[in-house]
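Shown next: protein_26.txt, containing compact mmCIF, C-alpha atoms.
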```txt
# COMPACT_ATOMS: atom_id res chain seq x y z
CA MET A 169 -39.36 -36.60 -16.53
CA HIS A 170 -36.99 -35.22 -13.91
CA HIS A 171 -35.81 -37.87 -11.48
CA PRO A 172 -34.62 -36.94 -8.00
CA LYS A 173 -30.90 -36.84 -7.23
CA ILE A 174 -29.74 -38.19 -3.87
CA THR A 175 -26.20 -37.40 -2.74
CA PHE A 176 -24.77 -39.49 0.07
CA ILE A 177 -21.86 -37.83 1.91
CA GLY A 178 -19.91 -40.46 3.84
CA ALA A 179 -20.85 -43.26 1.48
CA GLY A 180 -18.03 -45.41 2.83
CA SER A 181 -20.46 -46.28 5.64
CA THR A 182 -21.68 -49.08 3.40
CA ILE A 183 -24.16 -50.80 5.71
CA PHE A 184 -25.87 -47.49 6.48
CA VAL A 185 -25.95 -46.59 2.78
CA LYS A 186 -27.46 -50.01 2.07
CA ASN A 187 -30.19 -49.54 4.67
CA ILE A 188 -31.13 -45.99 3.63
CA LEU A 189 -31.05 -46.57 -0.12
CA GLY A 190 -32.72 -49.95 0.30
CA ASP A 191 -35.64 -48.05 1.81
CA VAL A 192 -35.53 -45.45 -0.95
CA PHE A 193 -35.72 -48.02 -3.75
CA HIS A 194 -38.93 -49.40 -2.24
CA LYS A 195 -40.60 -46.09 -3.17
CA PRO A 196 -42.00 -46.09 -6.75
CA ALA A 197 -41.12 -42.41 -7.23
CA PHE A 198 -37.44 -43.19 -6.60
CA LYS A 199 -36.94 -46.18 -8.88
CA GLY A 200 -35.22 -43.86 -11.35
CA ALA A 201 -33.35 -41.73 -8.83
CA GLU A 202 -29.80 -40.65 -9.58
CA ILE A 203 -27.45 -41.72 -6.80
CA ALA A 204 -24.22 -39.83 -6.04
CA LEU A 205 -21.93 -41.58 -3.55
CA MET A 206 -19.17 -39.46 -2.02
CA ASP A 207 -16.38 -40.49 0.36
CA ILE A 208 -12.73 -39.55 0.89
CA ASP A 209 -11.77 -43.24 1.03
CA PRO A 210 -11.75 -44.63 -2.55
CA VAL A 211 -11.62 -48.25 -1.36
CA ARG A 212 -14.70 -47.91 0.85
CA LEU A 213 -16.38 -45.96 -1.92
CA GLU A 214 -15.82 -48.78 -4.39
CA GLU A 215 -17.21 -51.28 -1.88
CA SER A 216 -20.35 -49.18 -1.51
CA GLN A 217 -20.75 -48.90 -5.27
CA ILE A 218 -20.70 -52.69 -5.58
CA VAL A 219 -23.35 -53.09 -2.90
CA VAL A 220 -25.61 -50.25 -4.11
CA SER A 221 -25.43 -51.43 -7.74
CA LYS A 222 -26.63 -54.91 -6.77
CA LEU A 223 -29.24 -53.39 -4.45
CA MET A 224 -30.59 -51.24 -7.31
CA GLU A 225 -30.73 -54.14 -9.72
CA SER A 226 -32.50 -56.35 -7.18
CA ALA A 227 -35.09 -53.63 -6.45
CA GLY A 228 -35.72 -52.88 -10.12
CA ALA A 229 -34.24 -49.39 -9.80
CA THR A 230 -33.11 -47.95 -13.11
CA GLY A 231 -31.30 -44.76 -12.12
CA ASP A 232 -27.63 -43.97 -12.56
CA ILE A 233 -25.04 -44.31 -9.82
CA HIS A 234 -21.90 -42.15 -9.71
CA CYS A 235 -19.00 -42.07 -7.25
CA TYR A 236 -17.06 -39.02 -6.16
CA THR A 237 -14.18 -38.12 -3.89
CA ASP A 238 -14.89 -34.42 -4.57
CA GLN A 239 -17.73 -33.26 -2.33
CA LYS A 240 -18.83 -30.22 -4.33
CA GLU A 241 -19.04 -32.21 -7.55
CA ALA A 242 -21.15 -34.85 -5.82
CA LEU A 243 -23.56 -32.22 -4.53
CA LYS A 244 -24.24 -30.47 -7.84
CA GLY A 245 -27.96 -30.47 -8.56
CA ALA A 246 -28.85 -32.66 -5.59
CA ASP A 247 -32.43 -32.71 -4.32
CA PHE A 248 -31.58 -34.60 -1.13
CA VAL A 249 -28.30 -34.80 0.76
CA VAL A 250 -27.81 -37.62 3.27
CA VAL A 251 -24.89 -37.05 5.65
CA ALA A 252 -23.35 -39.93 7.63
CA PHE A 253 -19.67 -39.84 8.52
CA GLN A 254 -17.33 -39.95 11.51
CA ILE A 255 -14.39 -37.56 11.42
CA GLY A 256 -11.32 -39.25 12.88
CA GLY A 257 -12.99 -42.65 12.74
CA TYR A 258 -12.90 -45.36 15.34
CA GLU A 259 -9.13 -45.20 15.06
CA PRO A 260 -7.55 -43.00 16.10
CA CYS A 261 -10.07 -40.53 17.50
CA THR A 262 -12.71 -42.66 19.22
CA VAL A 263 -9.96 -44.76 20.80
CA ILE A 264 -8.29 -41.54 22.03
CA ASP A 265 -11.59 -40.25 23.46
CA PHE A 266 -11.96 -43.39 25.55
CA GLU A 267 -8.36 -44.02 26.54
CA VAL A 268 -7.54 -40.45 27.60
CA CYS A 269 -10.76 -40.11 29.60
CA LYS A 270 -10.14 -43.43 31.32
CA LYS A 271 -6.58 -42.34 32.14
CA HIS A 272 -8.07 -39.33 33.95
CA GLY A 273 -10.60 -41.47 35.84
CA LEU A 274 -13.65 -40.89 33.66
CA GLU A 275 -15.41 -44.03 32.40
CA GLN A 276 -17.72 -43.82 29.36
CA THR A 277 -20.14 -46.07 27.52
CA ILE A 278 -20.78 -44.54 24.06
CA ALA A 279 -19.20 -41.03 24.15
CA ASP A 280 -20.79 -39.70 20.96
CA THR A 281 -23.36 -37.25 22.32
CA LEU A 282 -22.26 -35.50 25.51
CA GLY A 283 -19.31 -35.47 27.87
CA PRO A 284 -15.68 -35.14 26.71
CA GLY A 285 -16.23 -37.72 23.97
CA GLY A 286 -19.22 -35.88 22.54
CA ILE A 287 -17.48 -32.52 22.89
CA MET A 288 -14.41 -33.68 21.00
CA ARG A 289 -16.49 -35.36 18.32
CA SER A 290 -18.44 -32.15 17.73
CA LEU A 291 -15.24 -30.09 17.47
CA ARG A 292 -13.92 -32.53 14.87
CA THR A 293 -17.21 -32.66 12.96
CA ILE A 294 -18.86 -29.23 12.81
CA PRO A 295 -16.29 -27.60 10.48
CA HIS A 296 -16.91 -30.38 7.94
CA LEU A 297 -20.68 -30.00 8.24
CA TRP A 298 -20.25 -26.28 7.65
CA GLN A 299 -18.30 -27.04 4.47
CA ILE A 300 -21.16 -29.20 3.25
CA CYS A 301 -23.54 -26.31 3.95
CA GLU A 302 -21.24 -23.95 2.06
CA ASP A 303 -21.09 -26.28 -0.95
CA MET A 304 -24.86 -26.83 -0.86
CA THR A 305 -25.39 -23.06 -0.84
CA ASN A 306 -23.33 -22.85 -4.03
CA VAL A 307 -24.48 -25.89 -6.04
CA CYS A 308 -27.80 -27.18 -4.62
CA PRO A 309 -29.35 -24.41 -2.47
CA GLU A 310 -32.86 -25.90 -2.57
CA ALA A 311 -31.80 -29.39 -1.46
CA THR A 312 -32.89 -30.88 1.86
CA MET A 313 -30.15 -32.18 4.15
CA LEU A 314 -30.90 -35.31 6.15
CA ASN A 315 -28.21 -35.35 8.83
CA TYR A 316 -27.40 -38.56 10.72
CA VAL A 317 -24.11 -37.37 12.27
CA ASN A 318 -23.61 -37.33 16.04
CA PRO A 319 -23.51 -35.44 18.33
CA MET A 320 -26.82 -34.57 16.73
CA ALA A 321 -27.92 -31.63 18.88
CA MET A 322 -24.63 -29.72 18.76
CA ASN A 323 -24.07 -30.40 15.07
CA THR A 324 -27.57 -29.35 14.07
CA TRP A 325 -27.52 -26.26 16.31
CA ALA A 326 -24.20 -25.08 14.84
CA MET A 327 -25.47 -25.49 11.27
CA TYR A 328 -28.68 -23.58 11.99
CA GLU A 329 -26.66 -20.73 13.48
CA LYS A 330 -24.13 -20.34 10.66
CA TYR A 331 -26.19 -21.51 7.68
CA PRO A 332 -29.84 -20.71 8.49
CA GLN A 333 -30.77 -20.84 4.80
CA ILE A 334 -30.03 -24.57 4.52
CA LYS A 335 -33.06 -26.84 4.69
CA GLN A 336 -32.01 -29.48 7.17
CA VAL A 337 -33.23 -31.93 9.78
CA GLY A 338 -31.29 -34.07 12.22
CA LEU A 339 -32.43 -37.69 12.17
CA CYS A 340 -32.19 -40.43 14.76
CA HIS A 341 -34.05 -43.74 15.10
CA SER A 342 -34.45 -43.66 18.87
CA VAL A 343 -38.08 -42.44 18.98
CA GLN A 344 -39.56 -45.07 16.68
CA GLY A 345 -36.99 -47.67 17.72
CA THR A 346 -37.74 -47.41 21.44
CA ALA A 347 -41.49 -47.54 20.78
CA GLU A 348 -40.93 -50.83 18.95
CA GLU A 349 -38.85 -52.12 21.87
CA LEU A 350 -41.56 -51.26 24.39
CA ALA A 351 -44.23 -52.94 22.28
CA ARG A 352 -41.98 -56.01 22.21
CA ASP A 353 -41.54 -55.87 25.99
CA LEU A 354 -45.33 -56.08 26.35
CA GLU A 355 -45.65 -58.68 23.58
CA MET A 356 -48.00 -56.45 21.63
CA ASP A 357 -48.18 -55.24 18.04
CA TYR A 358 -46.23 -52.02 17.45
CA SER A 359 -48.90 -50.88 15.00
CA ASP A 360 -51.38 -50.74 17.89
CA LEU A 361 -49.34 -48.00 19.59
CA ARG A 362 -49.72 -44.27 19.29
CA TYR A 363 -47.58 -41.69 21.06
CA THR A 364 -46.50 -38.08 21.38
CA CYS A 365 -42.89 -37.37 22.14
CA ALA A 366 -40.72 -34.28 22.67
CA GLY A 367 -37.41 -33.16 24.14
CA ILE A 368 -33.83 -33.10 22.87
CA ASN A 369 -31.98 -35.71 20.87
CA HIS A 370 -31.26 -38.82 22.96
CA MET A 371 -33.29 -37.32 25.81
CA ALA A 372 -36.81 -36.99 24.49
CA TYR A 373 -39.72 -38.48 26.43
CA TYR A 374 -42.99 -40.11 25.48
CA LEU A 375 -45.47 -37.60 26.86
CA THR A 376 -48.22 -40.03 25.90
CA LEU A 377 -47.74 -43.69 25.03
CA GLU A 378 -50.97 -45.56 24.36
CA LYS A 379 -52.35 -48.79 22.93
CA LYS A 380 -55.55 -49.36 21.00
CA THR A 381 -58.09 -51.51 22.81
CA GLU A 382 -60.56 -53.92 21.24
CA SER A 383 -63.25 -51.25 21.56
CA GLY A 384 -61.11 -48.83 19.53
CA GLU A 385 -60.21 -46.61 22.45
CA TYR A 386 -56.64 -45.72 23.43
CA VAL A 387 -55.29 -46.21 26.94
CA SER A 388 -51.84 -45.57 28.42
CA ILE A 389 -49.43 -48.51 28.48
CA TYR A 390 -47.33 -46.93 31.23
CA PRO A 391 -49.08 -48.97 33.99
CA ASP A 392 -48.50 -52.14 31.94
CA LEU A 393 -44.79 -51.34 31.54
CA LEU A 394 -44.33 -50.71 35.27
CA LYS A 395 -46.11 -53.94 36.14
CA ALA A 396 -44.10 -55.95 33.60
CA TYR A 397 -40.84 -54.51 34.97
CA GLU A 398 -41.76 -55.23 38.59
CA MET A 399 -42.68 -58.81 37.67
CA GLY A 400 -39.43 -59.37 35.76
CA GLN A 401 -41.23 -59.71 32.42
CA ALA A 402 -39.59 -56.58 31.00
CA PRO A 403 -37.25 -55.61 29.56
CA LYS A 404 -36.88 -58.43 27.09
CA PRO A 405 -33.34 -59.42 25.95
CA ASN A 406 -31.69 -56.79 23.77
CA ILE A 407 -33.53 -56.45 20.47
CA HIS A 408 -30.22 -56.40 18.56
CA GLY A 409 -28.92 -59.53 20.26
CA ASN A 410 -26.30 -57.66 22.29
CA PRO A 411 -26.06 -59.37 25.71
CA ARG A 412 -24.02 -56.50 27.18
CA CYS A 413 -26.84 -53.98 26.83
CA GLU A 414 -29.69 -54.63 29.24
CA ASN A 415 -32.32 -51.95 29.46
CA ILE A 416 -32.25 -51.44 33.24
CA VAL A 417 -31.21 -47.76 33.45
CA ARG A 418 -34.20 -46.52 31.48
CA TYR A 419 -36.74 -48.57 33.37
CA GLU A 420 -35.34 -47.34 36.69
CA MET A 421 -35.50 -43.73 35.48
CA PHE A 422 -39.05 -44.41 34.25
CA LYS A 423 -40.00 -45.47 37.77
CA LYS A 424 -38.61 -42.21 39.17
CA LEU A 425 -39.74 -39.77 36.48
CA GLY A 426 -43.03 -41.26 35.28
CA TYR A 427 -42.07 -40.96 31.61
CA PHE A 428 -39.97 -43.20 29.37
CA VAL A 429 -36.91 -41.76 27.62
CA THR A 430 -36.16 -42.49 23.98
CA GLU A 431 -32.44 -43.32 23.92
CA SER A 432 -30.91 -46.60 25.10
CA SER A 433 -29.77 -47.32 28.64
CA GLU A 434 -26.12 -47.47 27.60
CA HIS A 435 -26.44 -43.95 26.18
CA PHE A 436 -28.56 -42.50 28.97
CA ALA A 437 -26.23 -43.72 31.73
CA GLU A 438 -23.60 -41.15 30.74
CA TYR A 439 -25.97 -38.18 30.32
CA THR A 440 -26.66 -38.09 34.07
CA PRO A 441 -24.53 -38.25 37.25
CA TYR A 442 -26.27 -41.26 38.79
CA PHE A 443 -24.91 -44.45 37.26
CA ILE A 444 -21.15 -44.29 36.58
CA LYS A 445 -19.07 -43.31 39.60
CA PRO A 446 -15.49 -44.09 40.68
CA ASN A 447 -15.15 -46.96 43.12
CA ARG A 448 -18.83 -47.87 42.77
CA PRO A 449 -18.86 -51.23 40.99
CA ASP A 450 -22.13 -51.91 42.79
CA LEU A 451 -23.86 -49.31 40.61
CA ILE A 452 -22.40 -50.77 37.43
CA GLU A 453 -23.60 -54.21 38.44
CA ARG A 454 -27.01 -53.14 39.71
CA TYR A 455 -27.88 -51.11 36.60
CA LYS A 456 -25.96 -53.33 34.14
CA VAL A 457 -24.02 -50.39 32.68
CA PRO A 458 -21.82 -51.55 29.76
CA LEU A 459 -18.63 -49.50 30.12
CA ASP A 460 -16.56 -49.09 26.94
CA GLU A 461 -19.52 -50.35 24.92
CA TYR A 462 -18.89 -48.27 21.81
CA PRO A 463 -15.28 -49.41 21.22
CA LYS A 464 -16.36 -53.03 21.67
CA ARG A 465 -19.19 -52.47 19.22
CA CYS A 466 -16.84 -50.88 16.68
CA VAL A 467 -14.45 -53.84 16.79
CA GLU A 468 -17.33 -56.26 16.28
CA GLN A 469 -18.83 -54.22 13.44
CA ILE A 470 -15.50 -53.98 11.62
CA ALA A 471 -15.07 -57.76 11.84
CA ASN A 472 -18.66 -58.39 10.73
CA TRP A 473 -18.30 -55.95 7.84
CA LYS A 474 -15.38 -57.89 6.34
CA LYS A 475 -17.54 -61.03 6.39
CA ASP A 476 -20.61 -59.22 5.03
CA LEU A 477 -18.62 -57.59 2.24
CA GLU A 478 -17.43 -60.95 0.91
CA GLU A 479 -21.00 -62.23 0.95
CA PHE A 480 -22.22 -59.13 -0.89
CA LYS A 481 -19.51 -59.52 -3.53
CA GLN A 482 -20.50 -63.15 -4.12
CA ALA A 483 -24.24 -62.54 -4.14
CA GLU A 484 -26.12 -62.04 -7.39
CA ARG A 485 -28.87 -60.10 -5.66
CA ILE A 486 -29.08 -58.03 -2.47
CA GLU A 487 -32.56 -57.81 -1.00
CA GLN A 488 -33.28 -55.15 1.60
CA LYS A 489 -36.34 -55.07 3.84
CA GLU A 490 -37.65 -51.62 4.73
CA SER A 491 -36.13 -50.29 7.95
CA HIS A 492 -37.61 -47.81 10.43
CA GLU A 493 -35.26 -44.97 9.39
CA TYR A 494 -37.05 -41.77 8.39
CA ALA A 495 -34.94 -40.76 5.38
CA SER A 496 -36.98 -42.45 2.63
CA THR A 497 -40.26 -41.30 4.21
CA ILE A 498 -39.06 -37.69 4.17
CA MET A 499 -37.80 -37.85 0.60
CA ASN A 500 -41.02 -39.44 -0.63
CA ALA A 501 -43.20 -36.95 1.27
CA ILE A 502 -41.38 -33.95 -0.20
CA TRP A 503 -41.06 -35.32 -3.73
CA THR A 504 -44.60 -36.70 -4.12
CA ASN A 505 -46.43 -34.36 -1.71
CA THR A 506 -47.53 -37.35 0.37
CA PRO A 507 -47.99 -36.01 3.92
CA SER A 508 -46.09 -37.91 6.61
CA VAL A 509 -45.12 -37.38 10.22
CA ILE A 510 -41.58 -38.00 11.47
CA TYR A 511 -39.59 -37.02 14.56
CA GLY A 512 -36.79 -34.64 13.70
CA ASN A 513 -34.14 -32.48 15.35
CA VAL A 514 -34.80 -28.85 14.53
CA LYS A 515 -34.33 -25.34 15.89
CA ASN A 516 -36.51 -24.48 18.88
CA GLU A 517 -38.56 -21.60 17.52
CA GLY A 518 -41.58 -21.65 19.80
CA LEU A 519 -41.75 -25.44 19.75
CA ILE A 520 -40.99 -26.24 23.41
CA ASP A 521 -41.84 -23.39 25.75
CA ASN A 522 -39.64 -24.29 28.72
CA LEU A 523 -36.43 -25.06 26.84
CA PRO A 524 -34.14 -22.29 25.52
CA GLN A 525 -35.28 -20.72 22.27
CA GLY A 526 -32.78 -21.42 19.52
CA CYS A 527 -31.48 -24.69 20.94
CA CYS A 528 -31.92 -27.97 19.06
CA VAL A 529 -35.04 -29.95 20.01
CA GLU A 530 -36.60 -33.20 18.83
CA VAL A 531 -40.31 -32.95 18.00
CA ALA A 532 -42.92 -34.32 15.63
CA CYS A 533 -42.68 -32.79 12.15
CA LEU A 534 -45.16 -32.78 9.29
CA VAL A 535 -43.48 -33.41 5.94
CA ASP A 536 -44.95 -32.75 2.50
CA ALA A 537 -44.08 -30.73 -0.60
CA ASN A 538 -43.65 -27.70 1.65
CA GLY A 539 -40.73 -29.42 3.35
CA ILE A 540 -40.20 -30.22 7.02
CA GLN A 541 -42.66 -28.40 9.29
CA PRO A 542 -42.04 -28.87 13.02
CA THR A 543 -45.02 -28.98 15.38
CA ALA A 544 -45.20 -27.25 18.74
CA ALA A 545 -45.11 -29.45 21.86
CA GLY A 546 -45.84 -26.64 24.32
CA LYS A 547 -44.55 -26.90 27.89
CA LEU A 548 -42.86 -30.09 29.05
CA PRO A 549 -43.24 -31.46 32.59
CA SER A 550 -40.87 -29.29 34.62
CA HIS A 551 -38.67 -32.11 35.93
CA LEU A 552 -38.09 -33.43 32.41
CA ALA A 553 -37.19 -29.96 31.12
CA ALA A 554 -34.82 -29.49 34.06
CA LEU A 555 -33.00 -32.74 33.30
CA MET A 556 -32.72 -31.80 29.63
CA GLN A 557 -31.34 -28.40 30.60
CA THR A 558 -28.31 -30.04 32.20
CA ASN A 559 -27.45 -31.43 28.74
CA ILE A 560 -28.41 -28.24 26.90
CA ASN A 561 -25.91 -26.33 29.09
CA VAL A 562 -23.10 -28.35 27.52
CA GLN A 563 -24.54 -27.95 24.02
CA THR A 564 -24.92 -24.19 24.50
CA LEU A 565 -21.33 -23.65 25.58
CA LEU A 566 -19.83 -25.92 22.95
CA THR A 567 -21.86 -24.28 20.18
CA GLU A 568 -20.74 -20.87 21.42
CA ALA A 569 -17.14 -22.09 21.55
CA ILE A 570 -17.02 -23.11 17.92
CA LEU A 571 -19.11 -20.22 16.58
CA THR A 572 -16.93 -17.60 18.31
CA GLU A 573 -13.66 -19.59 18.27
CA ASN A 574 -13.46 -19.26 22.04
CA ARG A 575 -11.29 -22.09 23.35
CA GLU A 576 -12.17 -21.32 26.98
CA ARG A 577 -15.80 -22.27 26.32
CA ILE A 578 -14.68 -25.83 25.52
CA TYR A 579 -13.47 -26.21 29.10
CA HIS A 580 -16.68 -24.62 30.38
CA ALA A 581 -18.74 -27.11 28.38
CA ALA A 582 -16.82 -29.99 29.96
CA MET A 583 -17.21 -28.45 33.44
CA LEU A 584 -20.99 -28.36 33.02
CA ASP A 585 -21.29 -31.93 31.80
CA PRO A 586 -23.30 -33.79 34.50
CA HIS A 587 -21.27 -37.01 34.46
CA THR A 588 -17.86 -35.32 34.21
CA ALA A 589 -18.64 -32.84 36.98
CA ALA A 590 -19.75 -35.66 39.27
CA VAL A 591 -16.43 -37.48 38.84
CA LEU A 592 -13.64 -34.92 38.34
CA GLY A 593 -12.47 -31.71 39.99
CA ILE A 594 -12.04 -28.48 38.05
CA GLU A 595 -8.29 -28.79 37.51
CA GLU A 596 -8.72 -32.44 36.51
CA ILE A 597 -11.31 -31.43 33.90
CA TYR A 598 -8.97 -28.83 32.43
CA ALA A 599 -6.11 -31.34 32.32
CA LEU A 600 -8.34 -33.90 30.60
CA VAL A 601 -9.48 -31.44 27.93
CA ASP A 602 -5.89 -30.28 27.37
CA GLU A 603 -4.73 -33.84 26.75
CA LEU A 604 -7.62 -34.62 24.42
CA ILE A 605 -6.90 -31.50 22.36
CA GLU A 606 -3.18 -32.27 22.22
CA ALA A 607 -3.82 -35.86 21.12
CA GLN A 608 -6.27 -34.84 18.38
CA GLN A 609 -4.78 -31.58 17.12
CA ASP A 610 -4.50 -32.91 13.55
CA TRP A 611 -8.29 -33.34 13.46
CA LEU A 612 -9.27 -30.02 15.04
CA PRO A 613 -9.60 -26.44 13.71
CA GLU A 614 -6.41 -24.40 14.01
CA TRP A 615 -7.89 -21.94 16.53
CA ILE A 616 -8.25 -24.74 19.06
```

Could I get this structure in the form of structure tokens?
Amino acid sequence: MHHPKITFIGAGSTIFVKNILGDVFHKPAFKGAEIALMDIDPVRLEESQIVVSKLMESAGATGDIHCYTDQKEALKGADFVVVAFQIGGYEPCTVIDFEVCKKHGLEQTIADTLGPGGIMRSLRTIPHLWQICEDMTNVCPEATMLNYVNPMAMNTWAMYEKYPQIKQVGLCHSVQGTAEELARDLEMDYSDLRYTCAGINHMAYYLTLEKKTESGEYVSIYPDLLKAYEMGQAPKPNIHGNPRCENIVRYEMFKKLGYFVTESSEHFAEYTPYFIKPNRPDLIERYKVPLDEYPKRCVEQIANWKKDLEEFKQAERIEQKESHEYASTIMNAIWTNTPSVIYGNVKNEGLIDNLPQGCCVEVACLVDANGIQPTAAGKLPSHLAALMQTNINVQTLLTEAILTENRERIYHAAMLDPHTAAVLGIEEIYALVDELIEAQQDWLPEWI
């Protein structure tokens, strides 16, 4: 019997590997799966092997596990390719993204999706994603890529353009994760919710968000959410126990727009021009915007990982509860022909009518043995599509920049970023981009 082969590119991200493969080993069809772990850091790779080996044994998985520092070798014969890495790492590149922007007067919260931080991350990342696509074309052309690398929209768009033959989907946990948060805010069971959602990654909206009543009917929970917010009963404290991240921005935007957005308040604050402005500490305080959140989070995660690693090394068994990530659901649906529905980032080919065709959108997708089949969402409410377009402008120009090796388009992408344009003048934007490129030249393609 042929067992599936799962290749994990960026396997040094041990906690993420643990969560994804922990889910996979819960699936009976994957108990015998072959696992290929690949990373350029042999120390992190060895740490992941220790954790995954104990995870497999604890779950009763009987497949083989192999480690590689050679990407192409790791990909040979793969059925599924999970991609999760950060080119340039927290240090030096993320630190540079934040420090240089702050020097030029631009404050950020996460900086992994849009703005100068997202732009630089995509320029560092896309060439490596293209190399994975090239290697997959040569050694596992029928494999499905499950991409978790940010900035999701720009990365996915660039791969679709250059390697249209690769079966791929961009994955995020914001759709299902936010729905769980909102159920928690209303102190209701998440399983009683149903919803439809569409948009772009980190800026998709619940077009419908309903709960099941005792009579079996479904009614919108939007009135309940508004009432709970006005009465101070929502949002509840951060679901991850992070006291810096209060969910005020999204609830305030919900009041104005009438629809709830899928990505967190700390993310959303920097996709728009409304919340982070020079000499406006009142806005930061009013909306509880956690500036420099991502660097703080990285420092905490690195410290926690050292502690967790020692515990994993000492433990005889590593148990893993199923998470809400989509990867294992997709693999199981394709491998066993068990139909499932996930939300994925895919090419807009008639899926959302009032967003540009060809851009990357996030919509519901049917998954079975035929692969990932996106479903059409039709026309979005015009004000939501207009807000998304401000982000798509940046994605469009950056994707064009790297596809055509046009350095000038990098500056244009930064100029069109809503937050950056609200804070800096044109010459200041050019100077900022110049300094970011100079500081990260060792991580960027030569043409830049």

request  = Would you list the contacts of Met320 of chain A as a list of chain:residue names, taking every protein, DNA or RNA residue within 9 Å and counting all atoms listed in the file, but skipping same-chain residues closer than 5 positions in sequence?
outcome  = A:Asp280, A:Thr281, A:Ser290, A:Asn315, A:Trp325, A:Gly338, A:Leu339, A:Cys340, A:Asn369, A:His370, A:Asn513, A:Cys528

Those selected residues, please, written with C-alpha atoms and delivered as a short mmCIF file (atom, residue, chain, number, x, y, z; two decimals), in the frame of the given file.
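So the final result, stored in out_10.cif, reads:
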```
data_model
loop_
_atom_site.label_atom_id
_atom_site.label_comp_id
_atom_site.auth_asym_id
_atom_site.auth_seq_id
_atom_site.Cartn_x
_atom_site.Cartn_y
_atom_site.Cartn_z
CA ASP A 280 -20.79 -39.70 20.96
CA THR A 281 -23.36 -37.25 22.32
CA SER A 290 -18.44 -32.15 17.73
CA ASN A 315 -28.21 -35.35 8.83
CA TRP A 325 -27.52 -26.26 16.31
CA GLY A 338 -31.29 -34.07 12.22
CA LEU A 339 -32.43 -37.69 12.17
CA CYS A 340 -32.19 -40.43 14.76
CA ASN A 369 -31.98 -35.71 20.87
CA HIS A 370 -31.26 -38.82 22.96
CA ASN A 513 -34.14 -32.48 15.35
CA CYS A 528 -31.92 -27.97 19.06
#
```

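Omitting Pro391 of chain A and its sequence neighbours fewer than 6 positions away, and counting all atoms listed in the file, the residues within 12 Å are Leu354, Leu377, Glu378, Lys379, Tyr397, Glu398, Phe422, Lys423, Gly426, Tyr427 and Phe428 of chain A.
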
message = Under the rule that all atoms listed in the file are counted, which of A:Glu302, A:Tyr419, A:Gly539, A:His234 is the nearest residue to Ala396 of chain A?
response =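 That would be A:Tyr419, the residue with the smallest distance to Ala396 of chain A.
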
Please identify all polymer residues within 9 Å of Thr376 of chain A, counting only C-alpha atoms, omitting same-chain residues fewer than 5 positions from it, and present them as a PDB file with C-alpha atoms, in the coordinates of the input.
```pdb
ATOM      1  CA  ARG A 362     -49.720 -44.270  19.290  1.00  0.00           C
ATOM      2  CA  TYR A 363     -47.580 -41.690  21.060  1.00  0.00           C
ATOM      3  CA  THR A 364     -46.500 -38.080  21.380  1.00  0.00           C
ATOM      4  CA  CYS A 365     -42.890 -37.370  22.140  1.00  0.00           C
ATOM      5  CA  SER A 388     -51.840 -45.570  28.420  1.00  0.00           C
ATOM      6  CA  ILE A 389     -49.430 -48.510  28.480  1.00  0.00           C
ATOM      7  CA  TYR A 390     -47.330 -46.930  31.230  1.00  0.00           C
ATOM      8  CA  TYR A 427     -42.070 -40.960  31.610  1.00  0.00           C
TER       9      TYR A 427
END
```

Set out as CSV a contact list for segment 438-510 of chain A and segment 224-229 of chain A with a cut-off of 8 Å, giving each residue of segment 438-510 of chain A that qualifies its closest atom pair and distance in Å to one decimal, counting all atoms listed in the file, ordered by chain and rising residue number.
```
residue,atom,partner,partner_atom,distance
A:Arg485,CA,A:Ser226,CA,5.4
A:Ile486,CA,A:Ser226,CA,6.1
A:Glu487,CA,A:Ser226,CA,6.4
```

task = Can you work out the spacing between atom CA of His171 of chain A and atom CA of Leu205 of chain A in Å, to one decimal?
result = 16.4 Å

query = If you measure from atom CA of Trp615 of chain A to atom CA of Ile597 of chain A, what distance in Å do you get, rounded to one decimal?
reply =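 Between atom CA of Trp615 of chain A and atom CA of Ile597 of chain A the gap is 20.1 Å.
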
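Of the listed residues A:Ile278, A:Ile498, A:His580, A:Ile540, the one whose atoms come nearest to Glu595 of chain A is A:His580, with distances taken using only C-alpha atoms.
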
query = What lies within 6 Å of segment 546-559 of chain A using all atoms listed in the file, ignoring chain neighbours under 3 positions off, as number ranges by chain?
reply = A: 520-522, 562

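The gap separating atom CA of Leu314 of chain A from atom CA of Gly285 of chain A is 23.2 Å, in Å to one decimal.
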
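For the set A:Met399, A:Ile255, A:Met288, A:Ser508, the residue with the smallest atom-to-atom gap to Ile616 of chain A is A:Met288, counting only C-alpha atoms.
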
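Omitting segment 237-242 of chain A and its sequence neighbours fewer than 3 positions away, and counting all atoms listed in the file, the residues within 6 Å are A:Ala204, A:Met206, A:Asp207, A:Ile208, A:Asp303.
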
Answer as an NGL selection string, residues within 12 Å of (-40.3, -38.1, 13.7) using only C-alpha atoms = :A and (337-345 or 347 or 363-367 or 369 or 372 or 430 or 492-495 or 497-498 or 508-514 or 529-535 or 540-543)

task = Choose the residue, out of A:Glu517, A:Glu310, A:Glu478, A:Glu614, that has the smallest atom-to-atom separation from Tyr328 of chain A; count only C-alpha atoms.
result =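 Among the listed residues, the smallest separation from Tyr328 of chain A belongs to A:Glu517.
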
Of the listed residues A:Met304, A:Glu568, A:Asp232, A:Glu573, that which approaches Asn323 of chain A most closely, counting all atoms listed in the file = A:Glu568

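Between Ala246 of chain A and the residues A:Phe176, A:Arg292, A:Leu274, A:Pro260, the shortest atom-to-atom distance, using only C-alpha atoms, involves A:Phe176.
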